[in-house]
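J.: Got a file for you: entry.tsv, TSV, C-alpha atoms.
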chain	number	residue	atom	x	y	z
A	1	MET	CA	-34.59	-12.02	-11.92
A	2	ASN	CA	-31.48	-13.89	-12.98
A	3	CYS	CA	-28.59	-12.46	-10.98
A	4	ALA	CA	-25.91	-14.13	-13.09
A	5	ALA	CA	-27.32	-12.55	-16.23
A	6	ILE	CA	-27.26	-9.09	-14.74
A	7	LEU	CA	-23.97	-8.87	-12.94
A	8	ILE	CA	-20.99	-11.20	-12.90
A	9	LEU	CA	-19.26	-9.43	-10.03
A	10	THR	CA	-21.23	-11.14	-7.28
A	11	THR	CA	-23.63	-13.99	-6.68
A	12	SER	CA	-26.02	-11.67	-4.83
A	13	CYS	CA	-28.60	-9.48	-6.54
A	14	PHE	CA	-28.89	-5.79	-5.87
A	15	SER	CA	-31.62	-3.44	-6.97
A	16	TRP	CA	-31.11	-1.19	-9.97
A	17	THR	CA	-32.31	1.75	-7.88
A	18	SER	CA	-29.10	1.46	-5.87
A	19	ALA	CA	-26.85	0.78	-8.83
A	20	ILE	CA	-25.62	4.38	-8.97
A	21	TYR	CA	-25.00	6.00	-5.63
A	22	LEU	CA	-24.74	9.79	-5.90
A	23	PRO	CA	-25.19	11.86	-2.74
A	24	ASN	CA	-27.69	14.55	-3.77
A	25	ARG	CA	-31.38	14.00	-4.37
A	26	GLN	CA	-32.66	17.54	-3.82
A	27	ALA	CA	-31.83	19.23	-7.12
A	28	THR	CA	-34.87	21.03	-8.53
A	29	LYS	CA	-33.93	20.03	-12.06
A	30	LYS	CA	-32.18	16.76	-12.67
A	31	LEU	CA	-29.17	17.32	-14.88
A	32	LYS	CA	-28.60	15.00	-17.82
A	33	TYR	CA	-24.97	15.66	-18.70
A	34	LEU	CA	-23.30	17.36	-15.72
A	35	LEU	CA	-22.69	15.76	-12.36
A	36	GLU	CA	-24.57	17.31	-9.46
A	37	PRO	CA	-23.44	17.95	-6.82
A	38	PRO	CA	-20.12	18.90	-8.47
A	39	VAL	CA	-18.05	17.34	-5.64
A	40	TYR	CA	-18.02	20.68	-3.79
A	41	ALA	CA	-20.42	23.57	-4.40
A	42	GLU	CA	-18.19	25.88	-2.35
A	43	VAL	CA	-14.41	26.06	-2.70
A	44	THR	CA	-11.92	28.09	-0.68
A	45	GLY	CA	-8.33	28.89	-1.61
A	46	PRO	CA	-5.62	31.11	-0.08
A	47	ARG	CA	-4.63	34.40	-1.63
A	48	GLY	CA	-1.64	33.71	-3.88
A	49	GLY	CA	-2.41	29.98	-3.95
A	50	ASN	CA	-4.37	27.71	-6.27
A	51	ALA	CA	-7.91	26.35	-6.41
A	52	THR	CA	-9.80	23.80	-8.48
A	53	LEU	CA	-13.46	24.43	-9.34
A	54	PRO	CA	-14.94	20.98	-9.97
A	55	CYS	CA	-17.14	20.20	-12.97
A	56	VAL	CA	-17.55	16.61	-14.18
A	57	LEU	CA	-19.59	15.23	-17.08
A	58	ARG	CA	-21.74	12.17	-16.49
A	59	PHE	CA	-21.66	11.48	-20.22
A	60	LYS	CA	-21.02	13.47	-23.36
A	61	PRO	CA	-23.44	14.56	-26.09
A	62	SER	CA	-22.18	14.06	-29.63
A	63	HIS	CA	-21.38	17.78	-30.04
A	64	TYR	CA	-20.87	20.14	-27.16
A	65	LYS	CA	-18.71	22.77	-25.55
A	66	VAL	CA	-18.17	23.70	-21.91
A	67	LYS	CA	-18.01	27.37	-20.99
A	68	TRP	CA	-16.67	28.65	-17.68
A	69	THR	CA	-17.79	32.14	-16.68
A	70	LYS	CA	-17.35	34.25	-13.58
A	71	LEU	CA	-20.57	35.79	-12.34
A	72	GLU	CA	-19.65	39.17	-10.84
A	73	PRO	CA	-20.80	39.25	-7.18
A	74	LEU	CA	-22.01	42.87	-7.22
A	75	ARG	CA	-23.47	43.09	-10.71
A	76	HIS	CA	-26.09	40.41	-11.15
A	77	GLY	CA	-26.22	39.00	-14.67
A	78	ASN	CA	-22.90	40.39	-15.86
A	79	GLU	CA	-20.43	37.65	-16.60
A	80	ASN	CA	-16.86	37.27	-17.72
A	81	ILE	CA	-15.88	34.28	-19.85
A	82	VAL	CA	-12.86	32.49	-18.41
A	83	MET	CA	-12.50	29.37	-20.56
A	84	ILE	CA	-14.26	27.52	-23.41
A	85	THR	CA	-13.47	23.93	-24.36
A	86	ASN	CA	-14.93	21.38	-26.74
A	87	GLY	CA	-13.22	18.47	-25.01
A	88	SER	CA	-10.21	18.34	-27.31
A	89	ALA	CA	-9.14	22.00	-27.46
A	90	HIS	CA	-9.67	24.96	-25.17
A	91	LYS	CA	-9.25	28.72	-25.22
A	92	PRO	CA	-8.83	31.08	-22.24
A	93	TYR	CA	-10.47	34.51	-22.13
A	94	GLY	CA	-10.34	37.77	-20.21
A	95	LEU	CA	-8.31	38.77	-17.20
A	96	LEU	CA	-8.57	35.35	-15.55
A	97	GLY	CA	-7.62	33.45	-18.70
A	98	PRO	CA	-3.82	33.60	-18.26
A	99	ARG	CA	-4.18	32.07	-14.78
A	100	ALA	CA	-6.77	29.46	-15.79
A	101	SER	CA	-6.31	25.89	-17.02
A	102	LEU	CA	-8.31	22.67	-17.20
A	103	ARG	CA	-7.52	19.89	-14.75
A	104	LYS	CA	-8.17	17.05	-17.27
A	105	ALA	CA	-7.90	14.29	-14.69
A	106	HIS	CA	-9.85	12.05	-17.08
A	107	ALA	CA	-11.94	12.24	-20.25
A	108	MET	CA	-15.07	13.44	-18.40
A	109	ASP	CA	-13.31	16.11	-16.32
A	110	ALA	CA	-14.01	19.77	-17.18
A	111	SER	CA	-12.82	21.18	-13.85
A	112	LEU	CA	-11.21	24.64	-13.89
A	113	ARG	CA	-7.95	25.41	-12.14
A	114	LEU	CA	-7.04	28.94	-11.10
A	115	SER	CA	-3.52	29.86	-9.99
A	116	ASN	CA	-2.05	32.82	-8.09
A	117	LEU	CA	-5.42	33.66	-6.56
A	118	GLU	CA	-6.31	37.31	-5.96
A	119	LEU	CA	-8.98	38.74	-3.67
A	120	GLU	CA	-11.00	39.82	-6.72
A	121	ASP	CA	-11.21	36.20	-7.89
A	122	GLY	CA	-13.76	35.39	-5.20
A	123	GLY	CA	-17.38	34.96	-6.26
A	124	ARG	CA	-19.63	32.62	-8.18
A	125	TYR	CA	-18.52	30.68	-11.26
A	126	ARG	CA	-20.70	28.82	-13.73
A	127	CYS	CA	-19.73	25.66	-15.59
A	128	GLU	CA	-22.13	25.46	-18.52
A	129	LEU	CA	-22.47	22.60	-20.99
A	130	ILE	CA	-23.80	23.87	-24.32
A	131	ASN	CA	-25.01	21.60	-27.11
A	132	GLY	CA	-27.74	23.79	-28.62
A	133	ILE	CA	-30.56	21.52	-27.41
A	134	GLU	CA	-30.29	20.87	-23.70
A	135	ASP	CA	-27.92	23.42	-22.18
A	136	GLU	CA	-27.31	23.01	-18.46
A	137	SER	CA	-24.98	24.34	-15.80
A	138	VAL	CA	-23.73	24.10	-12.23
A	139	ILE	CA	-22.63	26.98	-10.00
A	140	ILE	CA	-19.47	26.89	-7.86
A	141	THR	CA	-18.67	29.55	-5.26
A	142	LEU	CA	-15.01	30.46	-4.73
A	143	GLY	CA	-13.92	32.12	-1.51
A	144	ILE	CA	-10.47	33.66	-1.04
A	145	GLU	CA	-8.72	33.32	2.30
A	146	GLU	CA	-6.69	36.50	2.81
A	147	LYS	CA	-4.53	35.20	5.64
A	148	LYS	CA	-3.42	31.59	5.63
A	149	GLY	CA	-3.88	29.55	8.75
A	150	LYS	CA	-6.20	31.98	10.56
A	151	SER	CA	-9.37	29.95	10.17
A	152	ASP	CA	-10.13	26.29	10.73
A	153	LYS	CA	-13.18	26.50	8.48
A	154	VAL	CA	-11.49	27.15	5.16
A	155	PHE	CA	-8.74	25.49	3.19
A	156	ASP	CA	-7.11	25.39	-0.22
A	157	ILE	CA	-9.26	22.94	-2.15
A	158	ASP	CA	-6.49	22.40	-4.70
A	159	ASN	CA	-4.27	21.11	-1.90
A	160	PHE	CA	-7.10	19.23	-0.17
A	161	TYR	CA	-5.95	15.88	-1.49
A	162	LEU	CA	-2.32	16.74	-0.82
A	163	LEU	CA	-3.10	17.37	2.82
A	164	LEU	CA	-5.45	14.42	3.34
A	165	GLY	CA	-4.52	11.73	0.87
A	166	MET	CA	-5.88	9.49	-1.87
A	167	VAL	CA	-7.86	6.28	-2.43
A	168	PHE	CA	-6.45	3.10	-3.94
A	169	PRO	CA	-8.07	-0.31	-4.54
A	170	TYR	CA	-6.57	-3.32	-2.82
A	171	GLN	CA	-7.06	-7.03	-3.42
A	172	SER	CA	-6.02	-10.07	-1.40
A	173	LYS	CA	-3.00	-12.07	-2.57
A	174	ASN	CA	-5.40	-15.04	-2.58
A	175	GLY	CA	-7.49	-13.50	-5.34
A	176	ARG	CA	-10.58	-11.40	-5.94
A	177	TYR	CA	-13.25	-10.96	-3.28
A	178	LYS	CA	-11.48	-12.67	-0.36
A	179	PHE	CA	-11.79	-10.03	2.40
A	180	THR	CA	-14.40	-9.94	5.11
A	181	TYR	CA	-14.97	-6.43	6.45
A	182	GLN	CA	-12.46	-6.89	9.27
A	183	GLU	CA	-9.89	-8.45	6.97
A	184	ALA	CA	-10.25	-5.52	4.54
A	185	LYS	CA	-9.81	-3.09	7.42
A	186	GLU	CA	-6.64	-4.85	8.58
A	187	ALA	CA	-5.28	-5.12	5.02
A	188	CYS	CA	-5.54	-1.35	4.52
A	189	VAL	CA	-3.72	-0.70	7.80
A	190	GLU	CA	-0.97	-3.11	6.73
A	191	GLN	CA	-0.54	-1.09	3.52
A	192	ASP	CA	-0.19	2.30	5.22
A	193	GLY	CA	-3.86	3.24	5.00
A	194	THR	CA	-7.37	2.91	6.36
A	195	LEU	CA	-10.64	1.87	4.77
A	196	ALA	CA	-11.92	4.83	2.76
A	197	THR	CA	-15.12	6.77	3.41
A	198	PHE	CA	-17.74	7.23	0.70
A	199	LYS	CA	-16.81	10.90	0.31
A	200	GLN	CA	-13.18	9.92	-0.28
A	201	LEU	CA	-14.17	7.32	-2.88
A	202	TYR	CA	-16.55	9.78	-4.52
A	203	ARG	CA	-13.83	12.38	-4.91
A	204	ALA	CA	-11.40	9.75	-6.23
A	205	TRP	CA	-14.01	8.78	-8.84
A	206	THR	CA	-14.38	12.37	-10.04
A	207	GLU	CA	-10.60	12.54	-10.38
A	208	GLY	CA	-10.35	9.43	-12.53
A	209	LEU	CA	-10.71	6.25	-10.44
A	210	ASP	CA	-12.42	3.59	-12.58
A	211	TRP	CA	-12.46	0.15	-10.98
A	212	CYS	CA	-14.57	-2.88	-11.83
A	213	ASN	CA	-14.19	-4.73	-8.50
A	214	ALA	CA	-16.44	-3.96	-5.54
A	215	GLY	CA	-14.74	-3.07	-2.26
A	216	TRP	CA	-15.52	-2.43	1.40
A	217	LEU	CA	-15.71	1.10	2.81
A	218	ILE	CA	-15.31	2.09	6.45
A	219	ASP	CA	-19.07	2.21	7.10
A	220	GLY	CA	-19.54	-1.43	6.06
A	221	THR	CA	-21.03	-0.61	2.66
A	222	VAL	CA	-19.67	-1.96	-0.62
A	223	HIS	CA	-19.20	0.08	-3.81
A	224	TYR	CA	-17.16	0.39	-6.99
A	225	PRO	CA	-16.50	3.50	-9.13
A	226	ILE	CA	-17.16	3.46	-12.88
A	227	LEU	CA	-16.19	6.25	-15.29
A	228	HIS	CA	-16.41	4.18	-18.47
A	229	PRO	CA	-19.56	2.00	-18.39
A	230	ARG	CA	-19.19	-1.46	-19.90
A	231	ALA	CA	-21.16	-4.69	-19.88
A	232	GLU	CA	-18.83	-6.55	-17.52
A	233	CYS	CA	-18.96	-3.75	-14.93
A	234	GLY	CA	-22.66	-3.46	-14.12
A	235	GLY	CA	-23.95	-2.83	-17.63
A	236	GLU	CA	-24.32	0.26	-19.74
A	237	LEU	CA	-25.55	2.52	-16.94
A	238	LEU	CA	-24.43	6.11	-16.48
A	239	PRO	CA	-20.99	6.67	-14.93
A	240	GLY	CA	-21.17	6.72	-11.16
A	241	ILE	CA	-20.51	4.88	-7.93
A	242	ARG	CA	-22.18	1.48	-8.16
A	243	SER	CA	-23.45	0.36	-4.78
A	244	TYR	CA	-24.30	-2.92	-3.10
A	245	GLY	CA	-25.24	-0.99	0.05
A	246	PRO	CA	-24.53	-2.41	3.54
A	247	ARG	CA	-23.28	-6.01	3.50
A	248	ASP	CA	-22.80	-8.69	6.12
A	249	ARG	CA	-19.43	-7.90	7.70
A	250	ILE	CA	-18.73	-11.53	8.62
A	251	ARG	CA	-20.18	-13.64	5.80
A	252	ASP	CA	-19.69	-11.42	2.75
A	253	HIS	CA	-16.35	-11.09	0.96
A	254	PHE	CA	-15.11	-8.28	-1.29
A	255	ASP	CA	-11.96	-6.30	-2.07
A	256	ALA	CA	-11.07	-3.05	-0.26
A	257	PHE	CA	-10.80	0.64	-1.05
A	258	CYS	CA	-8.02	2.07	1.09
A	259	PHE	CA	-7.19	5.67	1.87
A	260	THR	CA	-3.59	6.75	2.41
A	261	SER	CA	-2.22	10.15	3.34
A	262	ARG	CA	0.87	11.95	2.18
A	263	THR	CA	3.97	10.92	4.13
A	264	THR	CA	5.29	13.75	6.28
A	265	GLY	CA	8.96	14.47	6.67
A	266	GLN	CA	11.54	15.29	4.06
A	267	LEU	CA	13.63	12.19	4.79
A	268	SER	CA	10.87	9.67	4.02
A	269	PHE	CA	10.62	8.61	0.39
A	270	VAL	CA	10.22	5.70	-2.04
A	271	PHE	CA	13.14	4.71	-4.29
A	272	PHE	CA	13.88	1.93	-6.75
A	273	VAL	CA	16.64	-0.68	-6.63
A	274	GLY	CA	17.31	-2.45	-9.93
A	275	GLY	CA	17.14	-6.18	-10.40
A	276	PRO	CA	16.57	-8.83	-11.39
A	277	LEU	CA	15.82	-9.95	-7.83
A	278	THR	CA	13.79	-12.62	-6.09
A	279	PHE	CA	11.49	-11.39	-3.31
A	280	GLY	CA	14.03	-12.39	-0.66
A	281	GLU	CA	16.84	-10.64	-2.51
A	282	ALA	CA	14.65	-7.53	-2.81
A	283	VAL	CA	14.20	-7.49	0.97
A	284	GLU	CA	17.96	-7.62	1.46
A	285	ALA	CA	18.61	-5.02	-1.25
A	286	CYS	CA	16.38	-2.49	0.51
A	287	ARG	CA	18.04	-3.21	3.85
A	288	GLY	CA	21.40	-2.64	2.21
A	289	GLU	CA	20.20	0.85	1.23
A	290	GLY	CA	19.02	1.65	4.76
A	291	GLY	CA	15.36	1.03	4.03
A	292	GLU	CA	12.73	-1.68	3.67
A	293	LEU	CA	10.36	-2.84	0.96
A	294	ALA	CA	7.68	-0.21	0.44
A	295	LEU	CA	4.04	-0.72	1.26
A	296	VAL	CA	1.40	-0.38	-1.45
A	297	GLY	CA	0.06	2.82	0.12
A	298	GLN	CA	3.54	4.32	0.19
A	299	LEU	CA	4.03	3.66	-3.53
A	300	TYR	CA	0.63	5.17	-4.35
A	301	SER	CA	1.47	8.19	-2.20
A	302	ALA	CA	4.79	8.71	-4.02
A	303	TRP	CA	3.03	8.41	-7.38
A	304	ARG	CA	0.24	10.80	-6.48
A	305	PHE	CA	2.03	13.48	-4.48
A	306	LEU	CA	5.59	13.32	-5.84
A	307	SER	CA	4.72	12.39	-9.45
A	308	TYR	CA	6.87	9.29	-9.11
A	309	ASP	CA	7.23	7.65	-12.53
A	310	ARG	CA	9.14	4.44	-13.14
A	311	CYS	CA	8.70	1.95	-15.96
A	312	ASN	CA	10.11	-1.01	-14.02
A	313	GLY	CA	8.22	-3.65	-12.10
A	314	GLY	CA	9.35	-3.88	-8.50
A	315	TRP	CA	8.60	-6.01	-5.44
A	316	LEU	CA	6.59	-4.51	-2.57
A	317	LYS	CA	6.37	-5.72	1.01
A	318	ASP	CA	3.07	-7.58	0.48
A	319	GLY	CA	4.65	-9.72	-2.25
A	320	SER	CA	3.03	-7.90	-5.14
A	321	VAL	CA	4.88	-6.40	-8.10
A	322	ARG	CA	3.87	-2.92	-9.28
A	323	PHE	CA	5.20	0.18	-10.99
A	324	PRO	CA	4.03	3.84	-10.96
A	325	ILE	CA	3.32	5.74	-14.20
A	326	THR	CA	2.74	9.50	-14.20
A	327	THR	CA	3.32	10.01	-17.93
A	328	PRO	CA	1.60	7.18	-19.84
A	329	ARG	CA	3.48	5.70	-22.77
A	330	GLU	CA	3.11	2.64	-24.95
A	331	ARG	CA	6.02	0.67	-23.55
A	332	CYS	CA	5.00	1.21	-19.93
A	333	GLY	CA	1.79	-0.77	-19.73
A	334	GLY	CA	0.11	0.66	-22.83
A	335	ILE	CA	-2.73	2.19	-20.79
A	336	PRO	CA	-3.53	5.83	-21.67
A	337	GLU	CA	-4.27	6.90	-18.07
A	338	ALA	CA	-1.70	7.51	-15.37
A	339	GLY	CA	-1.73	5.12	-12.43
A	340	VAL	CA	0.04	2.37	-10.50
A	341	ARG	CA	0.25	-0.75	-12.67
A	342	THR	CA	0.37	-4.24	-11.15
A	343	PHE	CA	1.69	-7.67	-12.11
A	344	GLY	CA	-0.25	-9.23	-9.24
A	345	TYR	CA	1.47	-11.61	-6.83
A	346	PRO	CA	4.02	-13.69	-8.79
A	347	SER	CA	6.07	-16.48	-7.27
A	348	LYS	CA	8.56	-15.02	-4.81
A	349	THR	CA	11.31	-17.17	-6.31
A	350	LEU	CA	11.09	-15.44	-9.70
A	351	ARG	CA	14.17	-13.36	-10.44
A	352	LEU	CA	12.61	-10.85	-12.86
A	353	TYR	CA	11.97	-7.62	-10.99
A	354	GLY	CA	13.62	-4.86	-9.02
A	355	ALA	CA	12.46	-3.50	-5.66
A	356	TYR	CA	10.61	-0.41	-4.46
A	357	CYS	CA	12.11	0.56	-1.13
A	358	TYR	CA	11.07	3.04	1.55
A	359	ARG	CA	13.12	4.90	4.10
Please, can you express the file's structure as structure tokens?

T.:
Amino acid sequence: MNCAAILILTTSCFSWTSAIYLPNRQATKKLKYLLEPPVYAEVTGPRGGNATLPCVLRFKPSHYKVKWTKLEPLRHGNENIVMITNGSAHKPYGLLGPRASLRKAHAMDASLRLSNLELEDGGRYRCELINGIEDESVIITLGIEEKKGKSDKVFDIDNFYLLLGMVFPYQSKNGRYKFTYQEAKEACVEQDGTLATFKQLYRAWTEGLDWCNAGWLIDGTVHYPILHPRAECGGELLPGIRSYGPRDRIRDHFDAFCFTSRTTGQLSFVFFVGGPLTFGEAVEACRGEGGELALVGQLYSAWRFLSYDRCNGGWLKDGSVRFPITTPRERCGGIPEAGVRTFGYPSKTLRLYGAYCYR
């Protein structure tokens, strides 16, 4: 087998059986279009709060629609349609319709969001892909927590990421694939994070993370998430988490997937200082505003949890230049998905950018 012909990301071969790493092998019928497990088969949300019922497509048939229905808990077989979508348009139905919407985190996301939860909303929901040939479905159970904070076993799944955090990829300033395991671990800590777990990366993938560079996880394994298969990213396989499995923590070198949590405290936030500034001038500009240059994890946190959107490149503490985009537009990177854009690590003497500060 010619490794170079198969994958340009590494000089080591890995078996095709491990090329897609999905954590459930016990389904009685293997689904073709829908992802199983659907991130969480059981979801809990507080009465009056919100919840997201996950449903993600592995790939799309040429013609299809997705139908969400609520299966009444006491009347087996009776169902109420909540939402129908064909991927480009959607229509709500019934009593739940006015409180239902689609998450649309990415092109393959058919997850259902319910707001202002009521006790009667609890029960089983079915996400069904219909194409007239191979219909298939997954079942999600929604539980309603009547009193917030009384149980340590349930939580609002819609706020799960808000409470815990998010995953972001991180690369050495010296280039691609420069971190040993320990160096990746230290790099994440330096950027206000920790190495991510597989479950955290898996959830990030279902919510839109598509990254063609392999990175270390906390257990010493190496993976990369692909939503849009392409030749240069492991070939035309199904979307999924590509896996190299466990790697040598001393000899092998990769990038890192870091996990950062939401910053607590109302007085802590990221803000922008206009330029143009060199890196040294950016450091002083932040100090003059009572802060310091932000870490990469802090900028990602502001983008994710505070919807921070700024179409200006700015220095960060690690010497990189980035900018956060919540509402994609042509003149702000030209990429249709939201995210944190990067200019890499330019010369620190360049006087072209502003500064992202944290205090």

J.: Neighbours of Asn116 of chain A within 7 Å (all atoms listed in the file; same-chain residues fewer than 5 positions away dropped), as JSON, numbers by chain?

T.: {"A": [48, 49, 50]}

J.: Taking all atoms listed in the file into account, name the residue in A:Trp303, A:Trp216, A:Tyr244, A:Tyr202 that is nearest to Ala184 of chain A.

T.: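 Under the stated criterion, the closest residue is A:Trp216.
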
J.: Could you jot down the atom CA of Pro46 of chain A to atom CA of Leu129 of chain A separation for me, Å, one decimal place?

T.: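 So the two atoms, atom CA of Pro46 of chain A and atom CA of Leu129 of chain A, lie 28.2 Å apart.
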
J.: Using only C-alpha atoms, which residue out of A:Phe179, A:Phe271, A:Tyr125, A:Phe305 lies closest to Val43 of chain A?

T.: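 Under the stated criterion, the closest residue is A:Tyr125.
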
J.: So how far away is atom CA of Glu186 of chain A from atom CA of Gly291 of chain A, in Å?

T.: 23.2 Å

J.: Quick one: of A:Leu142, A:Ala107, A:Ile325, A:Leu316, who's nearest to Gly344 of chain A, counting all atoms listed in the file?

T.: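 Smallest separation from Gly344 of chain A among the options: A:Leu316.
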
J.: Between A:Asp248, A:Glu36, A:Glu207, A:Glu236, which has the minimum distance to Thr221 of chain A (counting only C-alpha atoms)?

T.: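 Looking at the shortest contact to Thr221 of chain A, the residue is A:Asp248.
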
J.: Would you mind putting N, CA, C and O atoms back on segment 183-198 of chain A and writing the result as a short mmCIF file (atom, residue, chain, number, x, y, z; two decimals), keeping the file's coordinate frame?

T.:
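So the final result, stored in result_1.cif, reads:
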data_model
loop_
_atom_site.label_atom_id
_atom_site.label_comp_id
_atom_site.auth_asym_id
_atom_site.auth_seq_id
_atom_site.Cartn_x
_atom_site.Cartn_y
_atom_site.Cartn_z
N GLU A 183 -11.11 -8.16 7.70
CA GLU A 183 -9.89 -8.45 6.97
C GLU A 183 -9.51 -7.31 6.03
O GLU A 183 -8.33 -6.98 5.87
N ALA A 184 -10.52 -6.68 5.41
CA ALA A 184 -10.25 -5.52 4.54
C ALA A 184 -9.70 -4.37 5.35
O ALA A 184 -8.76 -3.68 4.93
N LYS A 185 -10.27 -4.17 6.53
CA LYS A 185 -9.81 -3.09 7.42
C LYS A 185 -8.35 -3.31 7.81
O LYS A 185 -7.53 -2.38 7.77
N GLU A 186 -8.02 -4.54 8.17
CA GLU A 186 -6.64 -4.85 8.58
C GLU A 186 -5.69 -4.76 7.39
O GLU A 186 -4.54 -4.31 7.54
N ALA A 187 -6.15 -5.17 6.21
CA ALA A 187 -5.28 -5.12 5.02
C ALA A 187 -4.90 -3.68 4.68
O ALA A 187 -3.76 -3.41 4.31
N CYS A 188 -5.85 -2.76 4.81
CA CYS A 188 -5.54 -1.35 4.52
C CYS A 188 -4.51 -0.81 5.51
O CYS A 188 -3.59 -0.08 5.12
N VAL A 189 -4.68 -1.15 6.78
CA VAL A 189 -3.72 -0.70 7.80
C VAL A 189 -2.33 -1.24 7.49
O VAL A 189 -1.32 -0.53 7.60
N GLU A 190 -2.26 -2.51 7.06
CA GLU A 190 -0.97 -3.11 6.73
C GLU A 190 -0.30 -2.44 5.54
O GLU A 190 0.92 -2.52 5.38
N GLN A 191 -1.09 -1.77 4.70
CA GLN A 191 -0.54 -1.09 3.52
C GLN A 191 -0.48 0.42 3.68
O GLN A 191 -0.58 1.18 2.72
N ASP A 192 -0.35 0.88 4.92
CA ASP A 192 -0.19 2.30 5.22
C ASP A 192 -1.45 3.09 4.90
O ASP A 192 -1.39 4.18 4.34
N GLY A 193 -2.61 2.54 5.27
CA GLY A 193 -3.86 3.24 5.00
C GLY A 193 -4.96 2.86 5.97
O GLY A 193 -4.72 2.18 6.97
N THR A 194 -6.15 3.29 5.65
CA THR A 194 -7.37 2.91 6.36
C THR A 194 -8.44 2.67 5.31
O THR A 194 -8.31 3.10 4.16
N LEU A 195 -9.52 1.98 5.70
CA LEU A 195 -10.64 1.87 4.77
C LEU A 195 -11.17 3.26 4.45
O LEU A 195 -11.32 4.10 5.33
N ALA A 196 -11.48 3.51 3.19
CA ALA A 196 -11.92 4.83 2.76
C ALA A 196 -13.37 5.09 3.16
O ALA A 196 -14.15 4.16 3.39
N THR A 197 -13.72 6.37 3.24
CA THR A 197 -15.12 6.77 3.41
C THR A 197 -15.75 6.92 2.03
O THR A 197 -15.06 6.95 1.00
N PHE A 198 -17.09 7.05 2.00
CA PHE A 198 -17.74 7.23 0.70
C PHE A 198 -17.32 8.56 0.07
O PHE A 198 -17.10 8.63 -1.14
#
